[in-house]
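Q: The structure under discussion is supplied below as structure tokens; questions concerning it will follow.
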Amino acid sequence: MIKRILLLLSLPLTGFADTMVGDFRLSVLTAEAPGARQLAQTESGLLLVGSLRQGNLYAVTSRPDETVEVVTFASSLKLPSGLALIGDDLYVGALNRVLRYRNIERTFRDNPQPEIVTDKLPDKRHHGWKYLSVGPDGFLYVPVGAPCNICESKDPRFASILRMDPDTGETTIYAAGVRNSVGMAWRPDTGELWFSDNGRDWLGDDLPPEEINRVTVPSAHYGYPYVHAGDILDPKFGAGHDPADYVAPEIKIQAHSAALGLAFYTGAQFPEAYRHALFIAEHGSWNRSAKVGYRVSVVRFDEAGPVYEPFLDVWLKGEKVSGRPNDVLVSRDGSLLISDDKAGAIYRVSYRGKPE
């Protein structure tokens, strides 16, 4: 039986050690990573954390006695929110640049200096933060958000996901018509890229839905700015466009929930029902009349298709917000790590029930 983590009270960080919810333990790994965004973890377990406006990169170490240390190994970068590892090297998406830190496990305490893979990405700050993913082909995948709420752009790299050679920085468009993706994950059993996409603002509280999309054909178009969520014509740009010409989302989520980081569960710790399930960090609304999101949800796959439901709902009590999850990562030990840029925290969800 699947036991979801649904709490009615917000999660207090002060004095919080751990809480058992059903067969899961929810704990705070650290609350000393201001603006924590995308997560990456090395083979040895070193946790690396990007940030946004803080301009910092963090390394989080854990000892057997559960002592946690947070090391700020880079600062004063422009929106260094996206992280990915290729071998021993850390790649960082920082606005218009992708940086590479060589042998990060050995150098993070020694003021490491990055190499510039490219500095030729668009430099618009509106939706300019990055999220990085490494594909089965060894290339980097880099979203470039639309430089506006809703507009057409002459530069075709805007509102897209780029496929980047990690050696040269050269790019091609892998997915077009993607307004603002801040989450990507490769489904283990198919090798396909799945990505989140945040819908446009100012169409009301419930339109358009947030999207979880799947790439089956490279360079396909996902609708923005003409069609939203597969079937909603944009009131300004939609005239003359047929929704059938664009790729519809696999999953629709409540508008303004701000679905960001994604992770397919590839660990062995959680029950079998979560095998290859897709976890989603919902950052939460900023301009809706009643707040939504601020939670982690999960999508399981069965013969009838994907089934979406809340998984961890602890940061929103009424209209009071205590945290904003923005990335999820399956740790080397099979636990689920969650970053929270409002609280500057990293949470761990571990399974403590009986083995199946």
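Residue names in the structure tokens use chain letters A, B, ... in the order shown, residue numbers from 1 in each chain, and ligand numbers from 1 in the order shown.
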Quick one: residues within 7 Å of range 148-154 of chain A, only C-alpha atoms counted, chain neighbours fewer than 6 positions away excluded, as number ranges by chain?
A: A: 126, 200-201, 225
Q: List the spatial neighbours of range 39-42 of chain A as JSON, numbers by chain - criterion: any atom at most 7 Å away, only C-alpha atoms, same-chain residues fewer than 4 positions off excluded.
A: {"A": [46, 47, 48, 49, 50, 83, 84, 85, 327, 329]}
Q: Selection from above, all heavy atoms, as a short mmCIF file (atom, residue, chain, number, x, y, z; two decimals), in the first residue's frame, can you write it?
A:
data_model
loop_
_atom_site.label_atom_id
_atom_site.label_comp_id
_atom_site.auth_asym_id
_atom_site.auth_seq_id
_atom_site.Cartn_x
_atom_site.Cartn_y
_atom_site.Cartn_z
N LEU A 46 28.92 13.37 -2.04
CA LEU A 46 29.03 14.82 -1.84
C LEU A 46 27.86 15.50 -2.54
O LEU A 46 27.64 15.31 -3.74
CB LEU A 46 30.35 15.33 -2.41
CG LEU A 46 30.59 16.85 -2.30
CD1 LEU A 46 30.75 17.26 -0.85
CD2 LEU A 46 31.80 17.25 -3.13
N LEU A 47 27.10 16.31 -1.78
CA LEU A 47 25.93 16.98 -2.32
C LEU A 47 26.31 18.39 -2.75
O LEU A 47 26.89 19.15 -1.98
CB LEU A 47 24.82 17.03 -1.27
CG LEU A 47 23.49 17.65 -1.72
CD1 LEU A 47 22.85 16.82 -2.83
CD2 LEU A 47 22.54 17.78 -0.53
N LEU A 48 25.97 18.74 -3.98
CA LEU A 48 26.27 20.05 -4.54
C LEU A 48 24.97 20.79 -4.78
O LEU A 48 23.97 20.20 -5.22
CB LEU A 48 27.05 19.89 -5.83
CG LEU A 48 28.36 19.10 -5.65
CD1 LEU A 48 28.89 18.62 -7.00
CD2 LEU A 48 29.40 19.93 -4.92
N VAL A 49 24.98 22.10 -4.49
CA VAL A 49 23.74 22.87 -4.48
C VAL A 49 23.97 24.20 -5.18
O VAL A 49 24.91 24.94 -4.87
CB VAL A 49 23.28 23.15 -3.03
CG1 VAL A 49 21.89 23.80 -3.03
CG2 VAL A 49 23.26 21.86 -2.20
N GLY A 50 23.10 24.53 -6.14
CA GLY A 50 23.12 25.84 -6.77
C GLY A 50 22.24 26.82 -6.01
O GLY A 50 21.50 26.45 -5.09
N LEU A 83 22.82 22.76 -12.04
CA LEU A 83 23.99 21.92 -11.82
C LEU A 83 23.83 20.57 -12.49
O LEU A 83 22.73 20.03 -12.58
CB LEU A 83 24.21 21.65 -10.32
CG LEU A 83 24.34 22.82 -9.35
CD1 LEU A 83 24.62 22.29 -7.95
CD2 LEU A 83 25.42 23.78 -9.79
N ALA A 84 24.96 20.02 -12.96
CA ALA A 84 24.98 18.65 -13.47
C ALA A 84 26.40 18.13 -13.38
O ALA A 84 27.37 18.90 -13.50
CB ALA A 84 24.48 18.59 -14.91
N LEU A 85 26.53 16.83 -13.20
CA LEU A 85 27.84 16.19 -13.13
C LEU A 85 28.06 15.32 -14.36
O LEU A 85 27.18 14.56 -14.76
CB LEU A 85 27.93 15.32 -11.88
CG LEU A 85 28.09 16.08 -10.55
CD1 LEU A 85 27.67 15.20 -9.39
CD2 LEU A 85 29.53 16.55 -10.37
N ASP A 327 13.59 21.65 -6.16
CA ASP A 327 14.24 20.54 -6.84
C ASP A 327 14.12 19.28 -5.99
O ASP A 327 13.98 19.35 -4.76
CB ASP A 327 15.71 20.83 -7.13
CG ASP A 327 16.29 19.87 -8.17
OD1 ASP A 327 15.51 19.33 -8.99
OD2 ASP A 327 17.52 19.66 -8.18
N LEU A 329 15.88 15.16 -5.77
CA LEU A 329 17.00 14.33 -6.21
C LEU A 329 16.95 13.01 -5.46
O LEU A 329 16.79 13.00 -4.22
CB LEU A 329 18.33 15.03 -5.91
CG LEU A 329 19.60 14.23 -6.20
CD1 LEU A 329 19.83 14.14 -7.71
CD2 LEU A 329 20.81 14.88 -5.53
#
Q: Identify, on the basis of only C-alpha atoms, every residue whose closest approach to Tyr141 in chain A does not exceed 8 Å; exclude the query and any residue fewer than 6 positions from it along the same chain; express the result as a list in words.
A: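 Returned residues: Leu132, Ser133, Val134, Gly135, Ile161, Leu162, Arg163 and Met164 of chain A.
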Q: Near Ser51 in chain A, counting only C-alpha atoms, which residues have an atom at most 9 Å away, once you skip same-chain residues fewer than 4 positions from it, shown as a VMD selection string?
A: chain A and resid 33 to 38 55 to 58 79 to 82 341
Q: Given only C-alpha atoms as the basis, pick out the residue of A:Glu272, A:His283, A:Ile86, A:Ser297 nearest to Gly138 in chain A.
A: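 Ranking A:Glu272, A:His283, A:Ile86, A:Ser297 by distance to Gly138 in chain A, first place goes to A:Ile86.
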Q: In range 108-329 of chain A, what's strand (DSSP E) per DSSP? Answer as a PyMOL selection string?
A: chain A and resi 115-118+133-134+140-144+160-164+171-176+184-186+193-197+210-214+220-221+227-228+232-233+251-253+259-264+278-282+295-302+305-313+316-317+320-321+325-329
Q: Name the residues of range 44-293 of chain A that come out as helix (DSSP H, G or I) in a backbone DSSP run; write them as a list in words.
A: Ile104, Glu105, Arg106, Thr107, Pro243, Ala244, Asp245, Glu272, Ala273 and Tyr274 of chain A
Q: What does the structure give for the distance between CA of Ala259 in chain A and CA of Phe279 in chain A, in Å to one decimal?
A: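 CA of Phe279 in chain A lies at a distance of 10.3 Å from CA of Ala259 in chain A.
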Q: Can you work out which one of A:Arg288, A:His127, A:Arg100, A:His241 has the shortest atom-to-atom distance to Leu207 in chain A, counting only C-alpha atoms?
A: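 When distances to Leu207 in chain A are compared using only C-alpha atoms, the smallest one comes from A:Arg288.
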Q: Using only C-alpha atoms, which residues sit within 10 Å of Leu99 in chain A once same-chain residues fewer than 6 positions away are excluded, as a PyMOL selection string?
A: chain A and resi 80+83+90-93+113-119+166+169
Q: Determine the nearest neighbour of Asn287 in chain A from the options A:Ala263, A:Ile253, A:Ala59, A:Leu203, counting only C-alpha atoms.
A: A:Leu203
Q: Excluding Thr30 in chain A and any residue of its chain fewer than 2 positions from it, enumerate the residues within 8 Å of it, using only C-alpha atoms, and give them as a ChimeraX atom specification.
A: /A:28,32-33,68,345-347
Q: Could you give me, as a VMD selection string, the residues within 9 Å of His221 in chain A, counting only C-alpha atoms and dropping anything in the same chain fewer than 3 positions from it?
A: chain A and resid 160 175 to 178 224 245 to 247
Q: Just to confirm, what's the straight-line distance from CA of Ser350 in chain A to CA of Arg332 in chain A in Å (one decimal)?
A: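 About the pair CA of Ser350 in chain A and CA of Arg332 in chain A: they are 11.8 Å apart.
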